[in-house]
Amino acid sequence: MKRYFRVMLGKGSNLAAECVAGNFIGVEYDIDQDLTNWLAGEWRDFNKEFIRIYLDKHPGKSRISAGLACGALWTLGKGMQTGDIIFSPDGQGNYRVGTVTGDYRYAAGENLFHRRAVEWLPKVFEHAATPQSLQRAGSAGTISDITSYAQEIETLIAGEPAATVNAVADSEDGDPAVFSLEKHLEDFLVANWENTELGKDFAIFEEDGKKKGQQFNTGSMGQIDILAVSKDNKRLLVIELKRGRASDVVVGQILRYMGYVKEELLDSGQEVEGMIIALEDDKKLRLAISIVPSITFFRYELNFKLVKG
């Protein structure tokens with residue numbers, strides 16, 4: 001299945017023009033060595049080696065930062081497949097779209113030396129013509145899987161107005177008004193974090209002043225909707241957001257992410273917890289989480305009112 005990725009090309013997209021001219025995307029993280037042989041193995045071996053290397057090169061960084069870097073490297077090197085679509089800011093306030101056309105290669109001595117070949121569309125997609133949801137998608141990380149925005153991207157490529165995106169096709173309940181609001185639940189929660197119960201004890205993981213805990217890229221395990229850290233730095237919180245009703249299937253998903261965090265990201269003395277946020281739950285979900293005390297469930301409510309101006 002074709003996947004879609006948002007990729008930042010250098011700090012603040014400062015290398016976007018070079019990437020477009022050279023038909024590639026790339027990352028660095030100061031890990032200046034060929035990753036080809038490591039990408040042929042297991043991701044656990046990859047993380048064990050390169051989390052250590054990353055922390056040696058960045059002694060002030062946390063294991064969470066190291067895990068984020070390794071997730072991006074693994075995604076670029078092995079997670080992306082030929083035919084996947086790249087969506088990137090161009091550093092001029094607009095966007096470029098391309099298709100992955102080659103395997104991982106190491107470009108020694110060049111900028112962004114961990115690379116994938118990309119065939120870029122000649123068209124520059126102007127900011128004003130790009131759906132706002134797509135502008136925000138995966139905006140915190142270097143590489144983010146934004147496959148859930150495939151319809152918006154394909155609409156953009158086709159040159160159709162953003163308003164023609166048929167959101168109902170992806171809706172669980174067929175109600176376009178509810179779907180439109182729920183689709184932006186994550187952005188709303190992040191923007192209003194301090195005004196929620198979560199903001200009292202937790203902060204979304206930040207690095208260099210950016211909330212990089214939103215759509216946290218684990219590489220092989222997928223993307224955590226939100227990764228937060230307790231204000232006493234003793235607990236990491238994995239948050240999984242679901243539109244509409246959450247089933248017991250989500251328990252397995254969040255346990256997988258929690259297992260990843262426990263194995264790869266925890267420092268000494270830290271623990272991991274999970275939280276599922278959805279519009280509704282059901283009996284199967286309640287039974288499933290009743291025996292997993294480290295996972296909690298919260299419902300959200302959608303409110304709409306008119307205020308006379």
# chains A, B, ... in the order shown; residues from 1 in each chain; ligands from 1
$ residues_around --residues "region 119-127 of chain A" --least-positions-apart "4" --cutoff "10 Å" --atoms "only C-alpha atoms" --output "ChimeraX atom specification"
/A:19-25,83,85-87,89-90,92-102,131-132,135,156-157,159
$ residues_around --residues "Gln214 (chain A)" --least-positions-apart "6" --cutoff "7 Å" --atoms "only C-alpha atoms" --output "list of chain:residue names"
A:Ala140, A:Asp225, A:Ile226, A:Leu227
$ write_last_selection --atoms "C-alpha atoms" --output "PDB file, in the first residue's frame"
ATOM      1  CA  ALA A 140       6.542  18.673  14.605  1.00  0.00           C
ATOM      2  CA  ASP A 225      -0.318  10.098  18.417  1.00  0.00           C
ATOM      3  CA  ILE A 226       1.074  11.982  21.419  1.00  0.00           C
ATOM      4  CA  LEU A 227       4.017  11.213  23.687  1.00  0.00           C
TER       5      LEU A 227
END
$ closest_residue --among "A:Leu198, A:Ile254, A:Ile53, A:Ala246" --to "Ser230 (chain A)" --atoms "only C-alpha atoms"
A:Leu198
$ select_by_dssp --residues "region 30-214 of chain A" --states "strand (DSSP E or B)" --output "count of residues only"
32
$ decode --residues "region 95-233 of chain A" --atoms "C-alpha atoms" --output "PDB file, in the first residue's frame"
ATOM      1  CA  TYR A  95       5.107  22.908  -0.608  1.00  0.00           C
ATOM      2  CA  ARG A  96       6.651  20.351  -2.945  1.00  0.00           C
ATOM      3  CA  VAL A  97       5.377  16.843  -3.678  1.00  0.00           C
ATOM      4  CA  GLY A  98       7.416  13.940  -5.030  1.00  0.00           C
ATOM      5  CA  THR A  99       7.589  10.154  -5.377  1.00  0.00           C
ATOM      6  CA  VAL A 100      10.266   7.912  -3.850  1.00  0.00           C
ATOM      7  CA  THR A 101      12.156   6.281  -6.740  1.00  0.00           C
ATOM      8  CA  GLY A 102      15.181   4.603  -5.164  1.00  0.00           C
ATOM      9  CA  ASP A 103      16.593   2.730  -2.183  1.00  0.00           C
ATOM     10  CA  TYR A 104      18.639   4.153   0.675  1.00  0.00           C
ATOM     11  CA  ARG A 105      22.088   5.468  -0.191  1.00  0.00           C
ATOM     12  CA  TYR A 106      24.856   7.130   1.765  1.00  0.00           C
ATOM     13  CA  ALA A 107      26.224  10.344   0.227  1.00  0.00           C
ATOM     14  CA  ALA A 108      29.502  10.843   2.104  1.00  0.00           C
ATOM     15  CA  GLY A 109      30.583  14.454   2.491  1.00  0.00           C
ATOM     16  CA  GLU A 110      27.276  15.894   1.264  1.00  0.00           C
ATOM     17  CA  ASN A 111      24.459  17.674   3.055  1.00  0.00           C
ATOM     18  CA  LEU A 112      21.758  15.301   4.347  1.00  0.00           C
ATOM     19  CA  PHE A 113      23.983  12.318   3.624  1.00  0.00           C
ATOM     20  CA  HIS A 114      21.348   9.655   4.431  1.00  0.00           C
ATOM     21  CA  ARG A 115      19.247   9.835   1.265  1.00  0.00           C
ATOM     22  CA  ARG A 116      16.435   8.447  -0.860  1.00  0.00           C
ATOM     23  CA  ALA A 117      15.975   9.356  -4.524  1.00  0.00           C
ATOM     24  CA  VAL A 118      12.783  11.301  -5.244  1.00  0.00           C
ATOM     25  CA  GLU A 119      11.176  12.484  -8.461  1.00  0.00           C
ATOM     26  CA  TRP A 120       9.635  15.851  -7.642  1.00  0.00           C
ATOM     27  CA  LEU A 121       6.597  17.205  -9.409  1.00  0.00           C
ATOM     28  CA  PRO A 122       7.507  20.421 -11.250  1.00  0.00           C
ATOM     29  CA  LYS A 123       4.613  22.313  -9.683  1.00  0.00           C
ATOM     30  CA  VAL A 124       5.035  24.365  -6.512  1.00  0.00           C
ATOM     31  CA  PHE A 125       1.931  24.105  -4.346  1.00  0.00           C
ATOM     32  CA  GLU A 126       1.149  27.487  -2.874  1.00  0.00           C
ATOM     33  CA  HIS A 127       0.397  27.836   0.802  1.00  0.00           C
ATOM     34  CA  ALA A 128      -2.987  29.452   0.192  1.00  0.00           C
ATOM     35  CA  ALA A 129      -4.143  26.550  -1.985  1.00  0.00           C
ATOM     36  CA  THR A 130      -3.079  23.867   0.493  1.00  0.00           C
ATOM     37  CA  PRO A 131      -5.696  22.600   2.986  1.00  0.00           C
ATOM     38  CA  GLN A 132      -4.962  23.814   6.508  1.00  0.00           C
ATOM     39  CA  SER A 133      -5.222  20.272   7.830  1.00  0.00           C
ATOM     40  CA  LEU A 134      -2.412  19.261   5.482  1.00  0.00           C
ATOM     41  CA  GLN A 135      -0.290  22.244   6.507  1.00  0.00           C
ATOM     42  CA  ARG A 136      -0.457  21.065  10.127  1.00  0.00           C
ATOM     43  CA  ALA A 137      -0.051  17.347   9.424  1.00  0.00           C
ATOM     44  CA  GLY A 138       3.089  15.970  11.047  1.00  0.00           C
ATOM     45  CA  SER A 139       4.448  19.462  11.517  1.00  0.00           C
ATOM     46  CA  ALA A 140       6.542  18.673  14.605  1.00  0.00           C
ATOM     47  CA  GLY A 141       8.853  15.926  13.344  1.00  0.00           C
ATOM     48  CA  THR A 142      11.527  15.583  10.676  1.00  0.00           C
ATOM     49  CA  ILE A 143       9.725  12.624   9.102  1.00  0.00           C
ATOM     50  CA  SER A 144       6.050  11.918   9.760  1.00  0.00           C
ATOM     51  CA  ASP A 145       3.711   9.345   8.279  1.00  0.00           C
ATOM     52  CA  ILE A 146       0.710  11.348   7.055  1.00  0.00           C
ATOM     53  CA  THR A 147      -1.021   8.567   5.151  1.00  0.00           C
ATOM     54  CA  SER A 148      -4.268   9.510   6.899  1.00  0.00           C
ATOM     55  CA  TYR A 149      -4.136  12.700   4.780  1.00  0.00           C
ATOM     56  CA  ALA A 150      -3.776  10.792   1.490  1.00  0.00           C
ATOM     57  CA  GLN A 151      -7.037  12.136   0.129  1.00  0.00           C
ATOM     58  CA  GLU A 152      -6.022  15.750   0.716  1.00  0.00           C
ATOM     59  CA  ILE A 153      -2.647  15.172  -0.951  1.00  0.00           C
ATOM     60  CA  GLU A 154      -4.148  13.460  -3.977  1.00  0.00           C
ATOM     61  CA  THR A 155      -6.688  16.278  -4.287  1.00  0.00           C
ATOM     62  CA  LEU A 156      -3.830  18.774  -4.155  1.00  0.00           C
ATOM     63  CA  ILE A 157      -1.876  16.894  -6.837  1.00  0.00           C
ATOM     64  CA  ALA A 158      -4.962  16.755  -9.053  1.00  0.00           C
ATOM     65  CA  GLY A 159      -5.233  20.533  -8.856  1.00  0.00           C
ATOM     66  CA  GLU A 160      -8.707  20.478  -7.365  1.00  0.00           C
ATOM     67  CA  PRO A 161      -9.863  23.013  -4.746  1.00  0.00           C
ATOM     68  CA  ALA A 162      -9.297  21.898  -1.165  1.00  0.00           C
ATOM     69  CA  ALA A 163     -13.045  22.116  -0.553  1.00  0.00           C
ATOM     70  CA  THR A 164     -13.660  19.139  -2.836  1.00  0.00           C
ATOM     71  CA  VAL A 165     -12.016  16.696  -0.440  1.00  0.00           C
ATOM     72  CA  ASN A 166     -14.664  14.100   0.369  1.00  0.00           C
ATOM     73  CA  ALA A 167     -14.167  13.631   4.107  1.00  0.00           C
ATOM     74  CA  VAL A 168     -17.296  11.499   4.400  1.00  0.00           C
ATOM     75  CA  ALA A 169     -15.526   8.586   2.693  1.00  0.00           C
ATOM     76  CA  ASP A 170     -13.199   8.230   5.678  1.00  0.00           C
ATOM     77  CA  SER A 171     -15.818   8.859   8.354  1.00  0.00           C
ATOM     78  CA  GLU A 172     -16.699   6.055  10.726  1.00  0.00           C
ATOM     79  CA  ASP A 173     -20.233   7.283  11.269  1.00  0.00           C
ATOM     80  CA  GLY A 174     -20.967   8.959   7.917  1.00  0.00           C
ATOM     81  CA  ASP A 175     -21.584  12.353   9.523  1.00  0.00           C
ATOM     82  CA  PRO A 176     -19.337  14.905   7.740  1.00  0.00           C
ATOM     83  CA  ALA A 177     -19.784  17.556  10.445  1.00  0.00           C
ATOM     84  CA  VAL A 178     -18.682  15.228  13.246  1.00  0.00           C
ATOM     85  CA  PHE A 179     -15.841  13.816  11.158  1.00  0.00           C
ATOM     86  CA  SER A 180     -14.488  17.263  10.336  1.00  0.00           C
ATOM     87  CA  LEU A 181     -14.260  18.139  14.017  1.00  0.00           C
ATOM     88  CA  GLU A 182     -12.895  14.785  15.126  1.00  0.00           C
ATOM     89  CA  LYS A 183     -10.208  14.740  12.462  1.00  0.00           C
ATOM     90  CA  HIS A 184      -8.649  17.763  14.135  1.00  0.00           C
ATOM     91  CA  LEU A 185      -8.987  16.383  17.657  1.00  0.00           C
ATOM     92  CA  GLU A 186      -5.241  15.902  17.918  1.00  0.00           C
ATOM     93  CA  ASP A 187      -4.418  19.468  16.881  1.00  0.00           C
ATOM     94  CA  PHE A 188      -7.065  20.832  19.238  1.00  0.00           C
ATOM     95  CA  LEU A 189      -5.774  18.775  22.170  1.00  0.00           C
ATOM     96  CA  VAL A 190      -2.184  19.875  21.543  1.00  0.00           C
ATOM     97  CA  ALA A 191      -3.172  23.547  21.195  1.00  0.00           C
ATOM     98  CA  ASN A 192      -5.263  23.473  24.388  1.00  0.00           C
ATOM     99  CA  TRP A 193      -3.096  21.077  26.379  1.00  0.00           C
ATOM    100  CA  GLU A 194      -2.607  23.341  29.392  1.00  0.00           C
ATOM    101  CA  ASN A 195      -6.364  23.769  29.778  1.00  0.00           C
ATOM    102  CA  THR A 196      -7.013  20.016  30.056  1.00  0.00           C
ATOM    103  CA  GLU A 197      -6.595  17.582  32.923  1.00  0.00           C
ATOM    104  CA  LEU A 198      -3.461  16.295  31.229  1.00  0.00           C
ATOM    105  CA  GLY A 199      -1.741  19.670  31.400  1.00  0.00           C
ATOM    106  CA  LYS A 200      -1.630  19.544  35.204  1.00  0.00           C
ATOM    107  CA  ASP A 201       0.824  16.665  35.376  1.00  0.00           C
ATOM    108  CA  PHE A 202       2.227  16.165  31.875  1.00  0.00           C
ATOM    109  CA  ALA A 203       3.863  18.145  29.085  1.00  0.00           C
ATOM    110  CA  ILE A 204       4.051  17.063  25.453  1.00  0.00           C
ATOM    111  CA  PHE A 205       7.626  16.062  24.695  1.00  0.00           C
ATOM    112  CA  GLU A 206       9.526  19.072  23.367  1.00  0.00           C
ATOM    113  CA  GLU A 207      12.887  19.514  21.718  1.00  0.00           C
ATOM    114  CA  ASP A 208      14.399  22.800  20.560  1.00  0.00           C
ATOM    115  CA  GLY A 209      11.155  24.560  21.485  1.00  0.00           C
ATOM    116  CA  LYS A 210       8.990  22.331  19.259  1.00  0.00           C
ATOM    117  CA  LYS A 211       6.374  19.842  20.424  1.00  0.00           C
ATOM    118  CA  LYS A 212       7.927  16.751  18.892  1.00  0.00           C
ATOM    119  CA  GLY A 213       5.783  14.426  20.963  1.00  0.00           C
ATOM    120  CA  GLN A 214       2.932  14.924  18.489  1.00  0.00           C
ATOM    121  CA  GLN A 215       2.961  12.087  15.922  1.00  0.00           C
ATOM    122  CA  PHE A 216       6.113  10.676  17.532  1.00  0.00           C
ATOM    123  CA  ASN A 217       7.888   8.542  14.937  1.00  0.00           C
ATOM    124  CA  THR A 218       9.071   5.172  16.277  1.00  0.00           C
ATOM    125  CA  GLY A 219      10.265   3.920  12.903  1.00  0.00           C
ATOM    126  CA  SER A 220       9.228   0.274  12.668  1.00  0.00           C
ATOM    127  CA  MET A 221       6.385   0.451  15.207  1.00  0.00           C
ATOM    128  CA  GLY A 222       4.520   3.341  13.590  1.00  0.00           C
ATOM    129  CA  GLN A 223       3.642   6.724  15.053  1.00  0.00           C
ATOM    130  CA  ILE A 224       2.438   7.480  18.560  1.00  0.00           C
ATOM    131  CA  ASP A 225      -0.318  10.098  18.417  1.00  0.00           C
ATOM    132  CA  ILE A 226       1.074  11.982  21.419  1.00  0.00           C
ATOM    133  CA  LEU A 227       4.017  11.213  23.687  1.00  0.00           C
ATOM    134  CA  ALA A 228       4.057  13.226  26.917  1.00  0.00           C
ATOM    135  CA  VAL A 229       6.417  13.398  29.891  1.00  0.00           C
ATOM    136  CA  SER A 230       5.371  14.007  33.486  1.00  0.00           C
ATOM    137  CA  LYS A 231       6.566  17.268  34.975  1.00  0.00           C
ATOM    138  CA  ASP A 232       8.658  15.347  37.500  1.00  0.00           C
ATOM    139  CA  ASN A 233      10.210  13.413  34.562  1.00  0.00           C
TER     140      ASN A 233
END
